[in-house]
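Everything below concerns the one structure shown next.
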Amino acid sequence: MTPTPRAALRRRLVDRAMTGLSFAAVLLALVPLASVLGYVVAQGITALNWAFFTQLPRPVGETGGGMANAIAGTLTLIGLASCIGLPVGILGGVYLGELGNGRLGGWIRFTADVLNGVPSIVVGIFVYTLLVVPMKRFSALAGGAALGIMMTPLVMRTTEELVRLVPATLREAALALGVPWRVTTLRVVLRTATVGVVTGVMLAVARISGETAPLLFTAFNNQYWQSRLDQPTASLTVQLYNYAIAPYDDWHRQAWAAALVLMTMVLVLNITARLVGRRQVSARRSS
């Protein structure tokens, strides 16, 4: 049935109006993001120099110095969190994707979803009670454990979804050739979902990179180079927090530089994850 000219005109007007409203909504959402990015870049770029990446913080009252120990401490904490969260998250996601249709899988999935929504400060208090109090000291190990706990549910749920997207024909073909189920899962299913799993891992790392609250209760801070994992360690987020609330202009300047470094790290990880995910989609369409 051909629409009348009046109905066709009305449809075109409604279509253009909705397209314009959608475009305006996108611009409205981008304004705060662009404002934050622009302001952080404008404030932080002037404080970035070679000393910021190579020198230790100066004593109170002295200008200059840098956050080299905090950058190294952040990388150490992310590495420890990855060692704790990635094996549990990936293997748990594989279990949920392959064998998680029963009641146990439902409870694990529900627990992961709840843990994913728990405030980070609650995780910090939990690890403080579990590790810091028995050890009688703050430590990088406690900080890495807190960040690893936060990383685990996100990696687990991402891995589960990617494992479920692997075609069943690949499993059937491997099993038909006599390949054991465990080898099929690790060599066929998980390898096929590798690109997507890596994307989820990068997003999880991007999330924990900006956490401050759990580190205040676990890793605390350190003005010097970290020598042992069972000792307090510096991190960019905690150092930024301490400098931001201090009454010194030079510390405020370095806090903006730290914010710019953190924001750049998170942006790079998110953009990389998007590119990797797009590459996986393109590979699927071409196959």
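In the structure tokens, each chain is lettered A, B, ... as it comes, each chain's residues begin at 1, and ligands are numbered from 1 in order of appearance.
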Alpha helix (DSSP H) call set, DSSP backbone run, stretch 42-244 of chain A, as a ChimeraX atom specification: /A:42-44,50-54,68-99,103-116,120-127,133-135,140-165,168-176,181-183,190-192,194-209,213-217,236-244
Would you give me, as CSV, each residue of stretch 174-220 of chain A having an atom within 7 Å of an atom of stretch 258-272 of chain A, along with its shortest atom pair and that distance in Å to one decimal, using only C-alpha atoms and sorting by chain and residue number?
```
residue,atom,partner,partner_atom,distance
A:Met202,CA,A:Leu269,CA,5.9
A:Leu203,CA,A:Asn270,CA,6.2
A:Ala206,CA,A:Val266,CA,5.0
A:Gly210,CA,A:Leu262,CA,6.8
```
Requested write-out: N, CA and C atoms of the selected residues, as a compact mmCIF listing (two decimals), in the first residue's frame:
```txt
# COMPACT_ATOMS: atom_id res chain seq x y z
N MET A 202 41.83 -5.50 28.90
CA MET A 202 42.26 -4.11 28.82
C MET A 202 41.25 -3.16 29.45
N LEU A 203 39.97 -3.44 29.28
CA LEU A 203 38.95 -2.61 29.92
C LEU A 203 39.01 -2.75 31.43
N ALA A 206 41.95 -0.76 32.62
CA ALA A 206 41.62 0.66 32.57
C ALA A 206 40.76 1.06 33.77
N GLY A 210 42.48 3.80 37.72
CA GLY A 210 42.09 5.06 38.33
C GLY A 210 41.53 4.95 39.73
```
A:Gln43 surroundings by only C-alpha atoms, 8 Å radius, close-in-sequence under 6 positions cut, as JSON, numbers by chain: {"A": [253, 256, 257]}
Non-local contacts of A:Ile84 (8 Å; only C-alpha atoms; under 3 positions in same chain excluded) as a VMD selection string: chain A and resid 80 to 81 87 to 88 144 to 145 148 to 149
Taking 2 positions as the minimum chain separation for residues in the same chain, which residues sit within 6 Å of A:Phe138 when counting only C-alpha atoms? Answer as an mmCIF file with C-alpha atoms, in the first residue's frame.
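Result went into part29.cif, see below:
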```cif
data_model
loop_
_atom_site.group_PDB
_atom_site.id
_atom_site.type_symbol
_atom_site.label_atom_id
_atom_site.label_comp_id
_atom_site.auth_asym_id
_atom_site.auth_seq_id
_atom_site.Cartn_x
_atom_site.Cartn_y
_atom_site.Cartn_z
ATOM 1 C CA VAL A 132 46.840 -5.510 56.275
ATOM 2 C CA THR A 218 45.948 -1.304 51.440
ATOM 3 C CA ALA A 219 49.021 0.058 49.638
ATOM 4 C CA PRO A 232 53.817 0.418 51.436
#
```
List as a Markdown table every residue of stretch 85-153 of chain A that is in contact with stretch 171-190 of chain A, defined as an atom at most 10 Å from one of its atoms (using only C-alpha atoms), together with the nearest atom pair and the distance in Å rounded to one decimal, sorted by chain and then rising number.
```
| residue | atom | partner | partner_atom | distance |
| --- | --- | --- | --- | --- |
| A:Ile90 | CA | A:Leu190 | CA | 9.3 |
| A:Leu91 | CA | A:Leu190 | CA | 9.8 |
| A:Val94 | CA | A:Leu190 | CA | 7.6 |
| A:Tyr95 | CA | A:Thr185 | CA | 9.6 |
| A:Glu98 | CA | A:Thr185 | CA | 8.2 |
```
Distance criterion (only C-alpha atoms): nearest to A:Asp249 out of A:Met151, A:Met67, A:Val60, A:Cys83: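 That would be A:Val60, the residue with the smallest distance to A:Asp249.
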